[in-house]
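Data file: work16.cif. Format and content: mmCIF, C-alpha atoms.
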```cif
data_start
#
loop_
_atom_site.label_atom_id
_atom_site.label_comp_id
_atom_site.auth_asym_id
_atom_site.auth_seq_id
_atom_site.Cartn_x
_atom_site.Cartn_y
_atom_site.Cartn_z
CA MET A 1 -0.13 14.36 -40.47
CA GLN A 2 0.96 13.89 -36.89
CA VAL A 3 3.38 11.04 -36.32
CA LYS A 4 3.78 9.75 -32.79
CA ASP A 5 7.42 9.22 -31.93
CA TYR A 6 7.28 6.03 -29.88
CA GLY A 7 11.03 6.07 -29.33
CA VAL A 8 10.89 9.40 -27.54
CA TYR A 9 7.72 8.34 -25.69
CA GLU A 10 9.40 5.18 -24.42
CA GLU A 11 12.45 7.06 -23.23
CA GLN A 12 10.44 9.72 -21.36
CA SER A 13 8.13 7.14 -19.80
CA LEU A 14 11.03 5.05 -18.56
CA HIS A 15 12.77 8.06 -17.04
CA THR A 16 9.58 9.04 -15.23
CA VAL A 17 9.31 5.55 -13.78
CA MET A 18 12.96 5.45 -12.70
CA GLN A 19 12.51 8.69 -10.76
CA ALA A 20 10.75 6.54 -8.14
CA ILE A 21 14.18 5.19 -7.13
CA PRO A 22 17.21 7.33 -8.14
CA ASN A 23 19.63 4.41 -7.60
CA VAL A 24 17.79 2.44 -10.30
CA MET A 25 18.32 5.39 -12.64
CA SER A 26 22.06 5.28 -11.79
CA VAL A 27 22.32 1.62 -12.84
CA TYR A 28 20.49 2.39 -16.09
CA LYS A 29 22.77 5.33 -16.87
CA ALA A 30 25.91 3.36 -16.00
CA VAL A 31 25.21 0.47 -18.36
CA THR A 32 23.88 2.57 -21.23
CA SER A 33 26.40 5.43 -21.22
CA SER A 34 29.69 4.23 -19.68
CA ALA A 35 32.68 3.78 -21.98
CA GLY A 36 33.47 0.17 -22.80
CA GLU A 37 34.36 -2.50 -25.36
CA SER A 38 30.85 -2.25 -26.81
CA THR A 39 29.35 0.95 -28.20
CA THR A 40 26.70 2.87 -26.31
CA GLU A 41 24.48 2.56 -29.41
CA LEU A 42 24.63 -1.23 -29.21
CA ARG A 43 23.89 -1.20 -25.50
CA GLN A 44 20.94 1.14 -26.00
CA GLY A 45 19.59 -1.30 -28.60
CA ILE A 46 20.01 -4.21 -26.17
CA MET A 47 18.33 -2.17 -23.44
CA ASN A 48 15.39 -1.34 -25.72
CA TYR A 49 14.90 -5.03 -26.53
CA ALA A 50 15.22 -6.25 -22.93
CA ILE A 51 12.64 -3.71 -21.75
CA ASN A 52 10.30 -4.47 -24.61
CA PRO A 53 11.26 -7.91 -26.01
CA THR A 54 9.68 -7.89 -29.47
CA PRO A 55 11.07 -9.81 -32.50
CA GLU A 56 11.42 -6.47 -34.34
CA LEU A 57 13.74 -4.98 -31.71
CA LEU A 58 15.73 -8.22 -31.53
CA ARG A 59 16.31 -8.16 -35.31
CA GLU A 60 17.86 -4.69 -34.98
CA LEU A 61 20.77 -6.23 -33.05
CA PRO A 62 23.79 -7.90 -34.73
CA GLU A 63 22.86 -11.45 -35.69
CA THR A 64 25.75 -12.96 -33.74
CA LEU A 65 24.36 -11.46 -30.51
CA GLN A 66 20.63 -12.03 -30.92
CA SER A 67 20.40 -15.49 -29.37
CA PHE A 68 22.58 -14.59 -26.37
CA VAL A 69 20.82 -11.29 -25.63
CA HIS A 70 17.43 -12.99 -25.91
CA LYS A 71 18.47 -15.74 -23.51
CA VAL A 72 19.92 -13.36 -20.89
CA ALA A 73 16.77 -11.24 -20.94
CA GLU A 74 14.10 -13.93 -21.29
CA GLU A 75 15.42 -17.35 -20.31
CA SER A 76 18.81 -17.02 -18.67
CA TYR A 77 18.49 -20.46 -17.04
CA LYS A 78 19.00 -21.95 -20.53
CA ILE A 79 22.47 -20.43 -21.00
CA THR A 80 25.31 -22.96 -21.16
CA ASP A 81 29.10 -22.90 -21.62
CA HIS A 82 28.37 -23.26 -25.34
CA ASP A 83 26.77 -19.77 -25.50
CA ILE A 84 29.84 -18.10 -23.96
CA HIS A 85 32.23 -20.13 -26.17
CA GLY A 86 30.20 -19.11 -29.21
CA LEU A 87 30.60 -15.42 -28.44
CA ARG A 88 34.34 -15.83 -27.85
CA GLU A 89 34.69 -17.72 -31.13
CA SER A 90 32.91 -14.85 -32.88
CA GLY A 91 35.69 -12.59 -31.58
CA TYR A 92 34.00 -10.89 -28.65
CA PRO A 93 36.29 -10.30 -25.64
CA ASP A 94 35.11 -11.09 -22.10
CA ASP A 95 34.69 -7.39 -21.25
CA PHE A 96 32.26 -7.10 -24.14
CA ILE A 97 30.34 -10.18 -22.95
CA PHE A 98 30.18 -8.70 -19.45
CA GLU A 99 28.84 -5.38 -20.78
CA ILE A 100 26.08 -6.84 -22.92
CA THR A 101 25.08 -9.19 -20.10
CA SER A 102 24.85 -6.24 -17.68
CA THR A 103 22.72 -4.33 -20.15
CA ALA A 104 20.33 -7.17 -21.02
CA ALA A 105 19.92 -8.18 -17.37
CA THR A 106 19.28 -4.59 -16.26
CA GLY A 107 16.79 -4.06 -19.08
CA ALA A 108 14.82 -7.22 -18.23
CA ALA A 109 14.68 -6.12 -14.60
CA LEU A 110 13.59 -2.61 -15.61
CA ARG A 111 10.74 -4.16 -17.58
CA ARG A 112 9.45 -5.58 -14.30
CA PHE A 113 10.17 -2.42 -12.31
CA ARG A 114 8.30 -0.32 -14.84
CA ALA A 115 5.29 -2.67 -14.86
CA GLY A 116 4.96 -2.36 -11.10
CA ILE A 117 5.56 1.38 -10.79
CA GLU A 118 3.25 2.23 -13.71
CA ALA A 119 0.41 0.13 -12.28
CA LEU A 120 0.97 1.80 -8.91
CA ALA A 121 0.81 5.24 -10.50
CA GLU A 122 -2.41 4.57 -12.46
CA MET B 123 32.08 -19.24 -13.21
CA ARG B 124 32.18 -18.82 -16.97
CA LEU B 125 34.21 -15.57 -17.03
CA ASP B 126 37.42 -14.86 -15.11
CA LEU B 127 36.04 -11.96 -13.11
CA ARG B 128 39.13 -11.48 -10.99
CA SER B 129 41.43 -10.91 -13.95
CA ASN B 130 41.56 -7.13 -13.49
CA CYS B 131 41.38 -6.83 -9.70
CA THR B 132 43.78 -4.52 -7.87
CA PRO B 133 46.10 -5.72 -5.06
CA ILE B 134 43.69 -4.19 -2.51
CA GLN B 135 40.73 -6.05 -4.03
CA LYS B 136 42.81 -9.25 -4.15
CA PHE B 137 43.52 -8.87 -0.44
CA GLN B 138 39.79 -8.46 0.25
CA PHE B 139 38.96 -11.51 -1.89
CA ASN B 140 41.46 -13.53 0.17
CA MET B 141 39.90 -12.32 3.42
CA ILE B 142 36.42 -13.33 2.23
CA GLU B 143 37.74 -16.74 1.18
CA MET B 144 39.19 -17.24 4.66
CA LEU B 145 35.90 -16.18 6.25
CA ILE B 146 33.38 -17.98 4.03
CA GLY B 147 35.35 -20.60 2.12
CA GLN B 148 34.85 -18.97 -1.27
CA VAL B 149 34.06 -15.61 -2.82
CA PRO B 150 30.32 -15.52 -3.64
CA GLY B 151 29.64 -14.88 -7.35
CA PRO B 152 27.70 -11.64 -6.74
CA ILE B 153 30.72 -10.08 -4.99
CA GLU B 154 33.03 -11.07 -7.87
CA VAL B 155 30.67 -9.76 -10.52
CA MET B 156 29.93 -6.49 -8.70
CA THR B 157 33.64 -5.86 -8.11
CA TYR B 158 34.66 -6.52 -11.72
CA ARG B 159 34.75 -3.14 -13.48
CA ARG B 160 32.68 -1.77 -10.61
CA ASP B 161 32.16 1.67 -12.18
CA PHE B 162 30.46 0.12 -15.19
CA TRP B 163 27.70 -1.58 -13.20
CA GLY B 164 28.74 -3.07 -9.85
CA LYS B 165 28.97 0.06 -7.71
CA PRO B 166 25.53 1.50 -8.55
CA MET B 167 24.04 -2.01 -8.37
CA THR B 168 25.50 -2.51 -4.88
CA ASP B 169 23.84 0.75 -3.81
CA CYS B 170 20.52 -0.68 -5.04
CA PHE B 171 20.97 -3.92 -3.08
CA ASP B 172 21.96 -2.08 0.07
CA GLU B 173 18.94 0.22 -0.20
CA ALA B 174 16.38 -2.42 -1.19
CA MET B 175 17.54 -5.14 1.21
CA ARG B 176 18.72 -3.22 4.27
CA LYS B 177 17.35 0.31 4.16
CA MET B 178 13.70 -0.62 3.63
CA THR B 179 11.09 0.91 5.90
CA ALA B 180 8.00 -1.30 5.40
CA TRP B 181 9.59 -4.76 5.76
CA THR B 182 11.84 -6.69 8.14
CA LYS B 183 15.11 -8.36 7.18
CA PRO B 184 13.69 -11.94 6.94
CA GLU B 185 10.69 -10.60 5.00
CA VAL B 186 12.81 -8.98 2.27
CA GLU B 187 14.95 -12.12 2.09
CA LEU B 188 11.81 -14.24 1.59
CA ILE B 189 10.66 -11.87 -1.17
CA ALA B 190 14.13 -12.12 -2.77
CA ALA B 191 14.00 -15.92 -2.70
CA THR B 192 10.50 -15.81 -4.24
CA VAL B 193 11.71 -13.58 -7.09
CA SER B 194 14.73 -15.85 -7.63
CA ARG B 195 12.49 -18.90 -7.83
CA ALA B 196 10.25 -17.14 -10.36
CA ASN B 197 13.35 -16.32 -12.45
CA THR B 198 14.50 -19.98 -12.24
CA CYS B 199 17.76 -19.03 -10.57
CA ASN B 200 18.87 -21.89 -8.36
CA PHE B 201 21.96 -20.06 -7.03
CA CYS B 202 20.07 -17.04 -5.67
CA TYR B 203 17.03 -19.10 -4.62
CA THR B 204 19.19 -21.42 -2.52
CA SER B 205 21.37 -18.59 -1.18
CA HIS B 206 18.50 -16.35 -0.05
CA LYS B 207 16.41 -19.22 1.26
CA ALA B 208 19.40 -19.90 3.52
CA VAL B 209 19.39 -16.25 4.66
CA THR B 210 15.61 -16.32 5.24
CA VAL B 211 15.72 -19.31 7.60
CA LEU B 212 17.96 -17.29 9.93
CA GLY B 213 14.92 -15.14 10.71
CA PHE B 214 11.96 -17.40 9.98
CA ASP B 215 11.03 -20.97 10.87
CA ASP B 216 12.31 -23.56 8.32
CA GLU B 217 8.88 -25.05 7.64
CA LEU B 218 7.30 -21.65 7.13
CA VAL B 219 9.97 -20.74 4.57
CA GLU B 220 9.59 -24.04 2.74
CA ALA B 221 5.78 -23.66 2.54
CA ALA B 222 5.93 -19.99 1.49
CA LEU B 223 8.38 -20.72 -1.31
CA ASN B 224 6.46 -23.76 -2.53
CA ASP B 225 3.25 -21.77 -2.93
CA PRO B 226 3.10 -18.02 -2.23
CA GLN B 227 -0.73 -18.13 -2.47
CA THR B 228 -1.01 -20.28 0.66
CA ALA B 229 2.08 -19.03 2.49
CA PRO B 230 1.60 -19.34 6.28
CA VAL B 231 2.64 -15.72 6.89
CA SER B 232 0.83 -12.43 7.56
CA GLU B 233 -1.79 -11.37 4.99
CA LYS B 234 0.41 -8.42 4.08
CA LEU B 235 3.51 -10.53 3.39
CA ARG B 236 1.50 -13.20 1.56
CA ALA B 237 0.09 -10.54 -0.78
CA ALA B 238 3.62 -9.22 -1.35
CA LEU B 239 4.90 -12.70 -2.27
CA VAL B 240 2.04 -13.29 -4.71
CA TYR B 241 2.70 -9.89 -6.33
CA ALA B 242 6.49 -10.41 -6.51
CA ASP B 243 5.98 -13.82 -8.11
CA LYS B 244 3.55 -12.50 -10.74
CA LEU B 245 5.56 -9.34 -11.46
CA THR B 246 8.66 -11.44 -12.07
CA ARG B 247 7.03 -14.17 -14.17
CA THR B 248 4.53 -12.13 -16.20
CA PRO B 249 5.24 -8.38 -15.87
CA ASP B 250 2.94 -7.50 -18.78
CA ASP B 251 -0.04 -8.92 -16.87
CA ILE B 252 0.32 -6.60 -13.87
CA THR B 253 -2.65 -4.23 -13.65
CA LYS B 254 -4.22 -1.82 -11.19
CA ALA B 255 -6.22 -4.80 -9.83
CA ASP B 256 -2.99 -6.36 -8.57
CA ILE B 257 -2.07 -3.11 -6.86
CA ASN B 258 -5.54 -2.82 -5.32
CA ALA B 259 -5.19 -6.36 -3.93
CA LEU B 260 -2.01 -5.19 -2.19
CA TYR B 261 -3.76 -2.15 -0.71
CA ASP B 262 -6.58 -4.44 0.48
CA ALA B 263 -4.01 -6.64 2.24
CA GLY B 264 -2.65 -3.64 4.13
CA LEU B 265 0.32 -2.53 2.04
CA ASN B 266 0.87 1.17 1.44
CA GLU B 267 2.61 2.81 -1.53
CA THR B 268 6.02 2.59 0.13
CA ALA B 269 5.63 -1.12 0.86
CA ILE B 270 4.59 -1.81 -2.77
CA THR B 271 7.49 0.23 -4.16
CA GLU B 272 9.92 -1.65 -1.93
CA VAL B 273 8.68 -5.05 -3.17
CA THR B 274 8.96 -3.80 -6.76
CA TYR B 275 12.51 -2.64 -6.01
CA ILE B 276 13.49 -6.09 -4.68
CA SER B 277 12.09 -7.64 -7.86
CA PHE B 278 14.31 -5.27 -9.88
CA CYS B 279 17.48 -6.10 -7.93
CA PHE B 280 17.03 -9.85 -8.07
CA SER B 281 15.83 -9.92 -11.66
CA VAL B 282 19.25 -8.42 -12.50
CA ILE B 283 21.46 -10.64 -10.35
CA ASN B 284 19.48 -13.82 -11.15
CA ARG B 285 20.40 -13.29 -14.81
CA PHE B 286 24.07 -12.84 -13.96
CA ALA B 287 24.06 -15.95 -11.78
CA ASN B 288 22.52 -18.04 -14.56
CA THR B 289 24.60 -16.53 -17.38
CA PHE B 290 27.96 -16.86 -15.63
CA ASP B 291 27.05 -20.00 -13.64
CA PHE B 292 27.71 -18.86 -10.08
CA ASP B 293 28.93 -21.69 -7.84
CA LEU B 294 27.10 -22.61 -4.62
CA GLY B 295 30.16 -24.45 -3.30
CA GLN B 296 30.46 -28.01 -2.02
CA GLY B 297 30.21 -27.63 1.73
CA ASP B 298 29.01 -25.06 4.24
CA GLU B 299 29.72 -22.06 2.01
CA THR B 300 26.02 -21.29 1.48
CA LYS B 301 25.34 -21.26 5.24
CA ARG B 302 28.40 -19.12 5.92
CA THR B 303 27.46 -16.69 3.15
CA ALA B 304 23.93 -16.53 4.55
CA ARG B 305 25.19 -15.61 8.01
CA PHE B 306 27.47 -12.98 6.49
CA LEU B 307 24.62 -11.43 4.48
CA TYR B 308 22.18 -11.56 7.37
CA HIS B 309 24.48 -9.77 9.79
CA MET B 310 26.70 -7.65 7.53
CA GLY B 311 24.23 -6.71 4.78
CA TYR B 312 24.88 -5.83 1.16
CA SER B 313 26.96 -2.66 1.27
CA THR B 314 30.22 -4.56 0.74
CA GLY B 315 29.01 -6.23 -2.48
CA SER B 316 31.37 -4.23 -4.70
CA LEU B 317 34.87 -4.22 -3.23
CA PRO B 318 36.69 -0.87 -3.50
CA GLY B 319 40.34 -0.57 -4.40
#
```

Final structure tokens representation of the file:
Amino acid sequence: MQVKDYGVYEEQSLHTVMQAIPNVMSVYKAVTSSAGESTTELRQGIMNYAINPTPELLRELPETLQSFVHKVAEESYKITDHDIHGLRESGYPDDFIFEITSTAATGAALRRFRAGIEALAE
Amino acid sequence: MRLDLRSNCTPIQKFQFNMIEMLIGQVPGPIEVMTYRRDFWGKPMTDCFDEAMRKMTAWTKPEVELIAATVSRANTCNFCYTSHKAVTVLGFDDELVEAALNDPQTAPVSEKLRAALVYADKLTRTPDDITKADINALYDAGLNETAITEVTYISFCFSVINRFANTFDFDLGQGDETKRTARFLYHMGYSTGSLPG
């Protein structure tokens, strides 16, 4: 039985799209692979969700981060002081908050970039 | 601003922040956020802004600013919408800008730019709905592949910074800061977004 590896497919497809603008690729690589307060595994999970915001991918993230990551990617205008306070109260330092915000924001923007470049390449 | 983004700045960056404050009245949120841990995100993001907003080949400066304001409106980001509307009116008539931002479909601009605004708005609001038909409409309006890629690039840049502005609550200031920032951006560009040091 042949099993399609959608994870690998997604990764290759995204890289192909980002080749249109190398500087976009640099932003992606910076937020997903730089050293930081958060792990690269967590940031890759956030990136995956922001690019493809399904409930399944959101549930793979730590519960304490799900609401914030969702808001940054999908409805950032709804974020209030309360959201930032909540993360701090859960023990996340500001550097961590900055990193996950960078990742979710970049992923949501890549979702749009990919939609445009893929339609252009059809 | 919900995070203290100057907490780790170097003396050289602090000096540059002070100079900007003297010039504009405040340090715009995007400069703070792209300077904070610049290697993590700010430096490569600044390169994107500089390329998309000042090294474009298919669009003029006021045109890319109008596209940026359109994307910011679609992302419900009041900070960037207001800021880039203020930059746009330095190159376009006030009433034209107001009308174009109120309804891209009836924007009183060239057919090519109107098609770009409609595309940028749809791409930002509903990216999953973008199809080859949307791209064909752009070709019909006179855009080529480069022009379409450049609009898509602007949507990327502002879809990132709009989320930062909303998440960290960037401040527009109380007085003429928006106008001063607009003049700075219009004439100086985006290459200084992430302060070295």

Contacts of chain A with chain B up to 6 Å, shortest pair per row, only C-alpha atoms, as a tab-separated table:
```
residue	atom	partner	partner_atom	distance
A:Asn23	CA	B:Cys170	CA	5.8
A:Val27	CA	B:Pro166	CA	5.4
A:Ala30	CA	B:Phe162	CA	5.6
A:Ser76	CA	B:Arg285	CA	5.6
A:Tyr77	CA	B:Asn288	CA	5.3
A:Ile79	CA	B:Thr289	CA	5.7
A:Ala105	CA	B:Val282	CA	4.9
A:Thr106	CA	B:Val282	CA	5.4
A:Ala109	CA	B:Phe278	CA	4.8
A:Arg112	CA	B:Pro249	CA	5.3
A:Phe113	CA	B:Phe278	CA	5.6
A:Ala115	CA	B:Pro249	CA	5.8
A:Ala119	CA	B:Lys254	CA	5.1
```

Using only C-alpha atoms, please write the residues we just selected to a file, as a PDB file, in the frame of the given file.
```pdb
ATOM      1  CA  ASN A  23      19.630   4.410  -7.600  1.00  0.00           C
ATOM      2  CA  VAL A  27      22.320   1.620 -12.840  1.00  0.00           C
ATOM      3  CA  ALA A  30      25.910   3.360 -16.000  1.00  0.00           C
ATOM      4  CA  SER A  76      18.810 -17.020 -18.670  1.00  0.00           C
ATOM      5  CA  TYR A  77      18.490 -20.460 -17.040  1.00  0.00           C
ATOM      6  CA  ILE A  79      22.470 -20.430 -21.000  1.00  0.00           C
ATOM      7  CA  ALA A 105      19.920  -8.180 -17.370  1.00  0.00           C
ATOM      8  CA  THR A 106      19.280  -4.590 -16.260  1.00  0.00           C
ATOM      9  CA  ALA A 109      14.680  -6.120 -14.600  1.00  0.00           C
ATOM     10  CA  ARG A 112       9.450  -5.580 -14.300  1.00  0.00           C
ATOM     11  CA  PHE A 113      10.170  -2.420 -12.310  1.00  0.00           C
ATOM     12  CA  ALA A 115       5.290  -2.670 -14.860  1.00  0.00           C
ATOM     13  CA  ALA A 119       0.410   0.130 -12.280  1.00  0.00           C
TER      14      ALA A 119
END
```

Apply the PyMOL selection byres ((chain A and resi 45-50) around 10) to the file shown and report the selected residues as a PyMOL selection string. chain A and resi 7+10-11+28+31-32+40-44+51-62+65-66+69-70+72-74+100-111

In Å, how far is it from CA of Phe201 in chain B to CA of Val231 in chain B?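 So the two atoms, CA of Phe201 in chain B and CA of Val231 in chain B, lie 24.2 Å apart.
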
Judged by all atoms listed in the file, the minimum distance to Asp172 in chain B among B:Glu154, B:Tyr312, B:Pro318, B:Gly264 is found for B:Tyr312

What residues come out when you apply the PyMOL selection byres ((chain B and resi 149) around 10) to this file, written as a list in words?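 Checked against the file, the PyMOL selection byres ((chain B and resi 149) around 10) matches Gln138, Phe139, Asn140, Met141, Ile142, Glu143, Met144, Leu145, Ile146, Gly147, Gln148, Pro150, Gly151, Pro152, Ile153, Glu154, Asp293, Gly295, Glu299 and Thr303 of chain B.
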